[in-house]
$ cat start_3.cif   # mmCIF, C-alpha atoms
data_my_file
loop_
_atom_site.label_atom_id
_atom_site.label_comp_id
_atom_site.auth_asym_id
_atom_site.auth_seq_id
_atom_site.Cartn_x
_atom_site.Cartn_y
_atom_site.Cartn_z
CA MET A 1 9.47 -28.43 15.60
CA ASN A 2 6.12 -29.85 14.57
CA ILE A 3 3.01 -29.40 16.67
CA GLU A 4 2.90 -32.98 18.00
CA LYS A 5 6.47 -32.81 19.26
CA GLU A 6 5.93 -29.40 20.78
CA TYR A 7 2.70 -30.57 22.38
CA ASN A 8 4.35 -33.64 23.89
CA ALA A 9 7.13 -31.50 25.32
CA LEU A 10 4.54 -29.22 26.91
CA VAL A 11 2.65 -32.19 28.34
CA THR A 12 5.84 -33.43 30.00
CA GLN A 13 6.64 -30.01 31.38
CA TYR A 14 3.23 -28.76 32.48
CA THR A 15 0.82 -31.62 33.31
CA GLU A 16 1.84 -31.76 36.95
CA LYS A 17 1.80 -27.98 37.34
CA VAL A 18 -1.59 -27.54 35.67
CA PHE A 19 -3.15 -30.41 37.61
CA ASN A 20 -1.87 -29.14 40.94
CA HIS A 21 -2.99 -25.61 40.26
CA ALA A 22 -6.45 -26.93 39.37
CA CYS A 23 -6.52 -29.03 42.56
CA ARG A 24 -5.79 -25.94 44.67
CA ILE A 25 -8.34 -23.74 42.95
CA LEU A 26 -11.16 -26.24 42.53
CA GLY A 27 -10.59 -28.18 45.73
CA ASN A 28 -11.29 -31.66 44.42
CA ARG A 29 -9.43 -34.08 42.20
CA GLU A 30 -12.29 -34.96 39.86
CA ASP A 31 -12.87 -31.37 38.82
CA ALA A 32 -9.12 -30.83 38.65
CA GLU A 33 -8.72 -33.80 36.30
CA GLU A 34 -11.45 -32.52 33.98
CA ALA A 35 -10.01 -29.01 34.04
CA THR A 36 -6.50 -30.29 33.29
CA TYR A 37 -7.78 -32.28 30.31
CA ASP A 38 -9.64 -29.22 29.01
CA VAL A 39 -6.53 -27.09 29.39
CA PHE A 40 -4.48 -29.46 27.25
CA LEU A 41 -7.24 -29.73 24.65
CA ARG A 42 -7.10 -25.95 24.31
CA VAL A 43 -3.33 -25.97 24.29
CA TYR A 44 -3.23 -28.57 21.52
CA TYR A 45 -5.79 -26.88 19.30
CA GLY A 46 -4.44 -23.42 20.07
CA LEU A 47 -0.81 -24.31 19.48
CA LYS A 48 -0.90 -23.87 15.71
CA ASP A 49 -2.38 -20.37 16.12
CA PHE A 50 0.00 -19.37 18.91
CA ARG A 51 1.76 -16.27 17.65
CA GLY A 52 4.30 -15.85 20.39
CA GLU A 53 2.92 -12.51 21.58
CA ALA A 54 3.38 -13.79 25.12
CA GLN A 55 5.74 -16.49 26.35
CA LEU A 56 4.48 -20.02 25.85
CA SER A 57 4.52 -20.60 29.62
CA THR A 58 2.50 -17.43 30.26
CA TRP A 59 -0.02 -18.50 27.60
CA ILE A 60 -0.47 -21.95 29.19
CA TRP A 61 -0.82 -20.45 32.66
CA ARG A 62 -3.40 -17.98 31.38
CA ILE A 63 -5.45 -20.81 29.91
CA THR A 64 -5.11 -22.76 33.15
CA VAL A 65 -6.03 -19.90 35.45
CA ASN A 66 -8.97 -18.70 33.33
CA LEU A 67 -10.35 -22.18 32.84
CA CYS A 68 -10.15 -23.00 36.54
CA LEU A 69 -11.77 -19.71 37.47
CA SER A 70 -14.64 -20.09 35.03
CA ARG A 71 -15.16 -23.71 36.08
CA LYS A 72 -15.23 -22.66 39.71
CA ARG A 73 -17.81 -19.97 38.95
CA LYS A 74 -19.93 -22.33 36.89
CA LYS A 75 -19.87 -24.98 39.58
CA ASN A 76 -20.61 -22.31 42.14
CA ILE A 77 -17.93 -23.57 44.51
CA PRO A 78 -18.37 -21.43 47.64
CA THR A 79 -15.68 -19.01 48.70
CA GLN A 80 -15.22 -17.29 52.04
CA THR A 81 -15.20 -13.61 52.78
CA LEU A 82 -13.50 -11.96 55.71
CA ASN A 83 -16.86 -11.00 57.19
CA ASP A 84 -18.25 -14.53 57.09
CA ASP A 85 -19.80 -15.82 60.22
CA PRO A 86 -17.34 -18.36 61.63
CA SER A 87 -20.12 -20.84 62.31
CA SER A 88 -21.03 -20.91 58.62
CA LEU A 89 -17.58 -21.97 57.41
CA SER A 90 -17.69 -25.11 55.39
CA PHE A 91 -15.07 -26.91 53.35
CA SER A 92 -15.17 -28.85 50.15
CA ASP A 93 -15.28 -32.36 51.51
CA THR A 94 -16.15 -32.09 55.15
CA THR A 95 -17.12 -29.67 57.84
CA LEU A 96 -14.50 -29.64 60.51
CA GLU A 97 -15.61 -29.09 64.00
CA ALA A 98 -13.47 -26.92 66.18
CA ASN A 99 -11.66 -29.93 67.46
CA PRO A 100 -7.93 -30.32 66.92
CA GLU A 101 -8.07 -34.01 67.78
CA LEU A 102 -10.63 -34.71 65.12
CA TRP A 103 -8.53 -32.69 62.76
CA THR A 104 -5.37 -34.69 63.35
CA GLN A 105 -7.39 -37.85 63.09
CA HIS A 106 -8.86 -37.16 59.68
CA HIS A 107 -6.63 -34.70 57.90
CA GLU A 108 -3.03 -34.02 57.26
CA ARG A 109 -2.32 -30.37 57.93
CA ARG A 110 -1.17 -29.86 54.39
CA GLU A 111 -4.34 -31.30 52.93
CA TYR A 112 -6.32 -29.03 55.17
CA LEU A 113 -4.36 -26.04 53.97
CA THR A 114 -5.03 -27.12 50.39
CA ASP A 115 -8.74 -27.35 51.17
CA MET A 116 -8.70 -23.89 52.63
CA ILE A 117 -6.92 -22.39 49.63
CA SER A 118 -9.74 -23.64 47.43
CA THR A 119 -12.27 -21.78 49.57
CA LEU A 120 -10.52 -18.45 49.03
CA PRO A 121 -11.88 -16.02 46.42
CA GLU A 122 -10.62 -17.09 42.99
CA ARG A 123 -8.01 -14.41 42.47
CA GLU A 124 -6.50 -14.84 45.91
CA ALA A 125 -6.39 -18.63 45.53
CA ALA A 126 -4.73 -18.26 42.13
CA VAL A 127 -2.13 -15.78 43.43
CA ILE A 128 -1.33 -17.86 46.53
CA THR A 129 -0.89 -21.00 44.41
CA LEU A 130 1.28 -19.31 41.79
CA PHE A 131 3.39 -17.59 44.44
CA TYR A 132 3.94 -20.52 46.80
CA LEU A 133 3.59 -23.64 44.69
CA GLU A 134 5.16 -22.28 41.50
CA GLY A 135 7.52 -19.82 43.14
CA MET A 136 6.55 -17.00 40.79
CA GLY A 137 7.15 -13.32 41.52
CA TYR A 138 4.70 -10.39 41.38
CA GLU A 139 5.53 -9.50 37.78
CA GLU A 140 5.08 -12.97 36.40
CA ILE A 141 1.78 -13.49 38.22
CA ALA A 142 0.61 -10.05 37.08
CA GLU A 143 1.31 -10.98 33.47
CA ILE A 144 -0.60 -14.24 33.75
CA LEU A 145 -3.61 -12.76 35.51
CA GLN A 146 -3.39 -9.56 33.44
CA ILE A 147 -3.63 -7.32 36.48
CA PRO A 148 -1.22 -4.71 37.92
CA SER A 149 1.52 -6.11 40.17
CA GLY A 150 0.16 -3.96 43.02
CA SER A 151 -3.07 -5.97 42.82
CA VAL A 152 -1.02 -9.17 43.03
CA ALA A 153 0.53 -7.99 46.29
CA THR A 154 -2.89 -7.01 47.65
CA ALA A 155 -4.39 -10.39 46.69
CA LEU A 156 -1.46 -12.18 48.27
CA HIS A 157 -1.77 -10.27 51.55
CA ARG A 158 -5.54 -10.65 51.66
CA GLY A 159 -5.28 -14.34 50.86
CA ARG A 160 -2.84 -14.90 53.71
CA GLU A 161 -4.98 -12.87 56.11
CA ARG A 162 -8.01 -14.87 55.11
CA LEU A 163 -6.20 -18.18 55.55
CA HIS A 164 -5.01 -17.04 58.95
CA LYS A 165 -8.53 -16.05 59.98
CA LEU A 166 -9.98 -19.31 58.67
CA MET A 167 -7.45 -21.23 60.72
CA GLN A 168 -8.26 -19.23 63.81
CA GLN A 169 -11.97 -19.67 63.29
CA THR A 170 -11.67 -23.43 62.97
CA LYS A 171 -9.19 -23.49 65.84
CA VAL A 172 -6.63 -25.39 63.80
CA GLN A 173 -3.20 -25.32 65.32
CA LEU A 174 -0.75 -23.81 62.92
CA MET B 1 5.35 1.94 64.57
CA THR B 2 1.60 1.25 64.71
CA CYS B 3 0.03 -2.23 64.59
CA GLU B 4 -1.21 -1.58 61.06
CA GLU B 5 2.23 -0.47 59.87
CA LEU B 6 3.86 -3.49 61.44
CA ARG B 7 1.44 -5.92 59.77
CA LEU B 8 1.80 -4.31 56.36
CA GLU B 9 5.58 -4.25 56.61
CA PHE B 10 5.68 -7.86 57.75
CA GLN B 11 3.49 -8.97 54.84
CA MET B 12 5.90 -7.23 52.44
CA LEU B 13 8.79 -8.93 54.22
CA LEU B 14 7.17 -12.34 53.70
CA ASP B 15 6.68 -11.60 50.00
CA SER B 16 10.36 -10.83 49.60
CA GLY B 17 11.30 -14.17 51.17
CA GLY B 18 12.28 -13.04 54.64
CA ILE B 19 10.64 -14.09 57.89
CA ALA B 20 12.86 -12.43 60.46
CA ALA B 21 11.29 -9.40 62.12
CA THR B 22 13.14 -6.09 62.01
CA GLU B 23 14.39 -4.33 65.14
CA GLN B 24 11.48 -1.88 64.91
CA MET B 25 9.03 -4.77 64.84
CA HIS B 26 10.68 -6.37 67.87
CA GLU B 27 10.39 -3.12 69.72
CA HIS B 28 6.67 -2.98 68.97
CA THR B 29 5.96 -6.61 69.85
CA ARG B 30 7.61 -6.24 73.27
CA THR B 31 4.59 -4.24 74.33
CA CYS B 32 1.92 -5.60 71.92
CA LEU B 33 0.94 -9.22 72.46
CA ALA B 34 -1.56 -9.19 69.57
CA CYS B 35 1.16 -8.27 67.07
CA ALA B 36 3.61 -10.75 68.58
CA THR B 37 1.03 -13.51 68.02
CA TYR B 38 0.29 -12.15 64.56
CA LEU B 39 3.97 -12.38 63.56
CA GLN B 40 4.36 -15.86 64.97
CA GLU B 41 1.24 -17.26 63.33
CA HIS B 42 1.88 -15.63 59.96
CA ARG B 43 5.46 -16.85 59.97
CA LEU B 44 4.21 -20.39 60.52
CA LEU B 45 1.49 -20.07 57.90
CA HIS B 46 4.06 -18.75 55.41
CA THR B 47 6.39 -21.69 56.16
CA GLN B 48 3.57 -24.18 55.69
CA LEU B 49 2.53 -22.60 52.42
CA GLN B 50 6.14 -22.87 51.27
CA GLN B 51 6.04 -26.56 52.06
CA LEU B 52 3.08 -27.28 49.79
CA GLU B 53 3.97 -30.10 47.47
CA TYR B 54 2.79 -31.36 44.11
CA GLU B 55 0.22 -34.11 44.16
CA PRO B 56 0.94 -36.89 41.67
CA VAL B 57 -1.04 -36.78 38.44
CA PRO B 58 -3.23 -39.88 37.93
CA GLU B 59 -1.77 -42.10 35.24
CA ILE B 60 -5.10 -42.37 33.40
CA LEU B 61 -5.24 -38.61 33.08
CA GLN B 62 -1.65 -38.45 31.89
CA ASN B 63 -2.35 -41.02 29.16
CA LYS B 64 -5.56 -39.27 28.17
CA ILE B 65 -3.70 -35.99 27.77
CA ARG B 66 -0.92 -37.60 25.76
CA ASN B 67 -3.53 -39.21 23.52
CA ILE B 68 -5.09 -35.89 22.55
CA ALA B 69 -2.64 -35.56 19.66
CA ALA B 70 -3.13 -39.19 18.55
CA VAL B 71 -6.93 -38.91 18.63
CA HIS B 72 -6.76 -35.68 16.68
CA HIS B 73 -4.57 -37.41 14.08
CA ALA B 74 -6.94 -40.38 13.79
CA LYS B 75 -9.89 -38.03 13.36
CA GLN B 76 -8.10 -36.05 10.67
CA LYS B 77 -7.23 -39.27 8.87
CA ASN B 78 -10.82 -40.45 9.18
CA ILE B 79 -12.19 -37.24 7.69
CA PHE B 80 -9.80 -37.56 4.76
CA LEU B 81 -10.87 -41.18 4.14
CA GLU B 82 -14.52 -40.24 4.35
CA ILE B 83 -14.12 -37.52 1.74
CA LEU B 84 -12.21 -39.94 -0.47
CA ALA B 85 -14.91 -42.59 -0.03
CA ASP B 86 -17.68 -40.12 -0.85
CA LEU B 87 -15.89 -39.07 -4.04
CA GLY B 88 -15.42 -42.73 -4.96
CA PHE B 89 -19.10 -43.36 -4.33
CA LEU B 90 -20.13 -40.48 -6.59
CA ALA B 91 -17.79 -41.64 -9.36
CA ALA B 92 -19.07 -45.24 -9.13
CA ALA B 93 -22.71 -44.10 -9.16
CA GLY B 94 -22.03 -42.00 -12.28
CA LEU B 95 -20.33 -44.94 -13.98
CA VAL B 96 -23.26 -47.27 -13.19
CA ARG B 97 -25.64 -44.79 -14.77
CA VAL B 98 -23.50 -44.64 -17.94
CA LEU B 99 -23.23 -48.44 -18.11
CA TYR B 100 -26.99 -48.96 -17.81
CA ALA B 101 -27.52 -46.34 -20.51
CA HIS B 102 -25.54 -48.54 -22.96
CA PRO B 103 -26.81 -52.09 -22.26
CA SER B 104 -24.55 -55.01 -23.15
CA PRO B 105 -23.67 -58.23 -21.23
CA VAL B 106 -20.22 -56.88 -20.27
CA ASN B 107 -21.58 -53.51 -19.17
CA PHE B 108 -24.32 -55.27 -17.20
CA LEU B 109 -21.72 -57.41 -15.40
CA ILE B 110 -19.52 -54.42 -14.56
CA ALA B 111 -22.55 -52.43 -13.37
CA THR B 112 -23.70 -55.32 -11.15
CA VAL B 113 -20.25 -55.59 -9.55
CA LEU B 114 -20.24 -51.83 -8.94
CA VAL B 115 -23.75 -51.83 -7.44
CA THR B 116 -22.76 -54.69 -5.11
CA GLY B 117 -19.66 -52.73 -4.13
CA LEU B 118 -21.71 -49.62 -3.48
CA LEU B 119 -24.18 -51.56 -1.34
CA ALA B 120 -21.29 -53.04 0.65
CA PHE B 121 -19.81 -49.54 1.05
CA PHE B 122 -23.15 -48.24 2.30
CA LEU B 123 -23.50 -51.06 4.80
CA ILE B 124 -19.96 -50.59 6.10
CA GLU B 125 -20.46 -46.82 6.37
CA PHE B 126 -23.71 -47.34 8.20
CA LEU B 127 -22.44 -50.03 10.54
CA GLN B 128 -18.99 -48.51 11.18
CA PRO B 129 -20.04 -46.32 14.14
CA TYR B 130 -21.34 -49.43 15.93
CA PHE B 131 -17.99 -51.21 15.64
CA PHE B 132 -15.41 -48.46 15.85
CA SER B 133 -15.40 -45.55 18.27
CA TYR B 134 -12.80 -43.30 19.84
CA ASN B 135 -12.47 -43.26 23.55
CA ASP B 136 -12.13 -39.52 23.83
#

$ encode --input "start_3.cif" --output "structure tokens"
Amino acid sequence: MNIEKEYNALVTQYTEKVFNHACRILGNREDAEEATYDVFLRVYYGLKDFRGEAQLSTWIWRITVNLCLSRKRKKNIPTQTLNDDPSSLSFSDTTLEANPELWTQHHERREYLTDMISTLPEREAAVITLFYLEGMGYEEIAEILQIPSGSVATALHRGRERLHKLMQQTKVQL
Amino acid sequence: MTCEELRLEFQMLLDSGGIAATEQMHEHTRTCLACATYLQEHRLLHTQLQQLEYEPVPEILQNKIRNIAAVHHAKQKNIFLEILADLGFLAAAGLVRVLYAHPSPVNFLIATVLVTGLLAFFLIEFLQPYFFSYND
């Protein structure tokens, strides 16, 4: 199969996945669009040198995850820590007051959850997205992030705890 | 079972796809309201995370990504043509020099045609970026 054909097949298979992962990590569509384009640029130019040491899917996910993480760091997108003062919590597009009515008025719950995922520390956001949105297991995520599977479990648990705390702090009804 | 044990075990349970509490957990939550709330809220959070859906990819982005290969091809082709044009230019310039070194009406005519061609080539090369560009 020549590179163009292979590339087009990958575009069909992965554009949606890459874009959605970027949306979750970066928290806004503009950045996600730029990141997705960059991922496919790298995929195209890297395809001829791809030696098959890892699976093609793992390779693409690695590019996606690393690119999103470095973009997030460069852009200095804030993340929350478990010790953060609840009053200082802020989200990518708006600061929600502790008012469920306002929340229902302006946000769908799912969108809010997506916003919150993007405020998690990078690794936790990546693990949560790969686990829930892509339905991957510990081992697969560990291979992509190049960390032990025990660390995947820890990141997943911490991520969920953090999301739970964030929801409690902003008084959002689950 | 302590609160900490219950929470850890429940997190592991969620990872393996289950959401139903074990009998031991039930026993603990009968007397611990904090853990009962914890289980309920985490179960709901887990369900909502499972319901996350793909957002549609903007069509412009999709086209841009598909065009990466085409743009790359056009660039490659352009580089090849540029090299070919440069070689042609060098060959023509060499020929003009030879023709002027041996003056005759025919040689003068051929040299003039070549010089005109070279000037036209120069102009096109110079003006090309103002007329053609890639939207990448």

$ interface_residues --input "start_3.cif" --of "chain B" --to "chain A" --cutoff "9 Å" --atoms "all atoms listed in the file" --output "ChimeraX atom specification"
/B:8,11-12,15,41-42,44-46,48-58,61-62,64-66,68-70

$ residues_near_point --input "start_3.cif" --point "(-11.2, -19.3, 32.9)" --cutoff "12 Å" --atoms "all atoms listed in the file" --output "PyMOL selection string"
chain A and resi 22+25-26+35-36+38-39+42+60-74+122-123+126+144-145

$ resolve_selection --input "start_3.cif" --expression "the PyMOL selection byres ((chain B and resi 25-36) around 8)" --output "list in words"
Met1, Thr2, Cys3, Leu6, Arg7, Ala21, Thr22, Glu23, Gln24, Thr37, Tyr38, Leu39 and Gln40 of chain B

$ closest_residue --input "start_3.cif" --among "B:Val106, B:Leu114, B:His72, B:Asn67" --to "Leu90 in chain B" --atoms "all atoms listed in the file"
B:Leu114

$ axis_aligned_box --input "start_3.cif" --around "range 84-87 of chain B" --padding-each-side "8 Å" --output "JSON"
{"center_x": -14.9, "center_y": -40.8, "center_z": -2.0, "size_x": 21.5, "size_y": 19.5, "size_z": 20.0}

$ atom_distance --input "start_3.cif" --atom1 "CA of Glu5 in chain B" --atom2 "CA of Val127 in chain A"
22.9 Å

$ atom_distance --input "start_3.cif" --atom1 "CA of Ile110 in chain B" --atom2 "CA of Gly94 in chain B"
12.9 Å

$ residues_near_point --input "start_3.cif" --point "(-19.5, -50.9, -11.7)" --cutoff "8 Å" --atoms "all atoms listed in the file" --output "mmCIF file with C-alpha atoms, in the frame of the given file"
data_model
loop_
_atom_site.group_PDB
_atom_site.id
_atom_site.type_symbol
_atom_site.label_atom_id
_atom_site.label_comp_id
_atom_site.auth_asym_id
_atom_site.auth_seq_id
_atom_site.Cartn_x
_atom_site.Cartn_y
_atom_site.Cartn_z
ATOM 1 C CA ALA B 92 -19.070 -45.240 -9.130
ATOM 2 C CA ALA B 93 -22.710 -44.100 -9.160
ATOM 3 C CA LEU B 95 -20.330 -44.940 -13.980
ATOM 4 C CA VAL B 96 -23.260 -47.270 -13.190
ATOM 5 C CA LEU B 99 -23.230 -48.440 -18.110
ATOM 6 C CA LEU B 109 -21.720 -57.410 -15.400
ATOM 7 C CA ILE B 110 -19.520 -54.420 -14.560
ATOM 8 C CA ALA B 111 -22.550 -52.430 -13.370
ATOM 9 C CA THR B 112 -23.700 -55.320 -11.150
ATOM 10 C CA VAL B 113 -20.250 -55.590 -9.550
ATOM 11 C CA LEU B 114 -20.240 -51.830 -8.940
ATOM 12 C CA VAL B 115 -23.750 -51.830 -7.440
ATOM 13 C CA GLY B 117 -19.660 -52.730 -4.130
#

$ atom_distance --input "start_3.cif" --atom1 "CA of Asp31 in chain A" --atom2 "CA of Leu120 in chain A"
16.6 Å

$ build_atoms --input "start_3.cif" --residues "range 13-33 of chain A" --atoms "N, CA and C atoms" --output "compact mmCIF listing (two decimals), keeping the file's coordinate frame"
# COMPACT_ATOMS: atom_id res chain seq x y z
N GLN A 13 6.22 -31.11 30.51
CA GLN A 13 6.64 -30.01 31.38
C GLN A 13 5.51 -29.47 32.27
N TYR A 14 4.28 -29.50 31.77
CA TYR A 14 3.23 -28.76 32.48
C TYR A 14 2.11 -29.58 33.10
N THR A 15 1.98 -30.87 32.79
CA THR A 15 0.82 -31.62 33.31
C THR A 15 0.72 -31.53 34.83
N GLU A 16 1.84 -31.77 35.49
CA GLU A 16 1.84 -31.76 36.95
C GLU A 16 1.48 -30.37 37.50
N LYS A 17 2.05 -29.35 36.88
CA LYS A 17 1.80 -27.98 37.34
C LYS A 17 0.33 -27.61 37.16
N VAL A 18 -0.19 -27.90 35.97
CA VAL A 18 -1.59 -27.54 35.67
C VAL A 18 -2.53 -28.30 36.60
N PHE A 19 -2.28 -29.59 36.76
CA PHE A 19 -3.15 -30.41 37.61
C PHE A 19 -3.15 -29.91 39.06
N ASN A 20 -1.96 -29.59 39.56
CA ASN A 20 -1.87 -29.14 40.94
C ASN A 20 -2.49 -27.77 41.15
N HIS A 21 -2.34 -26.92 40.16
CA HIS A 21 -2.99 -25.61 40.26
C HIS A 21 -4.51 -25.81 40.31
N ALA A 22 -5.01 -26.67 39.41
CA ALA A 22 -6.45 -26.93 39.37
C ALA A 22 -6.95 -27.53 40.68
N CYS A 23 -6.15 -28.42 41.26
CA CYS A 23 -6.52 -29.03 42.56
C CYS A 23 -6.69 -27.94 43.62
N ARG A 24 -5.75 -26.99 43.65
CA ARG A 24 -5.79 -25.94 44.67
C ARG A 24 -6.97 -25.01 44.46
N ILE A 25 -7.27 -24.71 43.21
CA ILE A 25 -8.34 -23.74 42.95
C ILE A 25 -9.71 -24.41 43.10
N LEU A 26 -9.84 -25.61 42.57
CA LEU A 26 -11.16 -26.24 42.53
C LEU A 26 -11.45 -27.08 43.78
N GLY A 27 -10.39 -27.51 44.45
CA GLY A 27 -10.59 -28.18 45.73
C GLY A 27 -10.97 -29.64 45.66
N ASN A 28 -11.11 -30.20 44.47
CA ASN A 28 -11.29 -31.66 44.42
C ASN A 28 -10.67 -32.23 43.15
N ARG A 29 -10.24 -33.48 43.26
CA ARG A 29 -9.43 -34.08 42.20
C ARG A 29 -10.22 -34.32 40.92
N GLU A 30 -11.49 -34.68 41.07
CA GLU A 30 -12.29 -34.96 39.86
C GLU A 30 -12.40 -33.73 38.97
N ASP A 31 -12.77 -32.61 39.59
CA ASP A 31 -12.87 -31.37 38.82
C ASP A 31 -11.51 -30.98 38.26
N ALA A 32 -10.47 -31.19 39.08
CA ALA A 32 -9.12 -30.83 38.65
C ALA A 32 -8.71 -31.66 37.43
N GLU A 33 -9.08 -32.93 37.43
CA GLU A 33 -8.72 -33.80 36.30
C GLU A 33 -9.42 -33.32 35.02
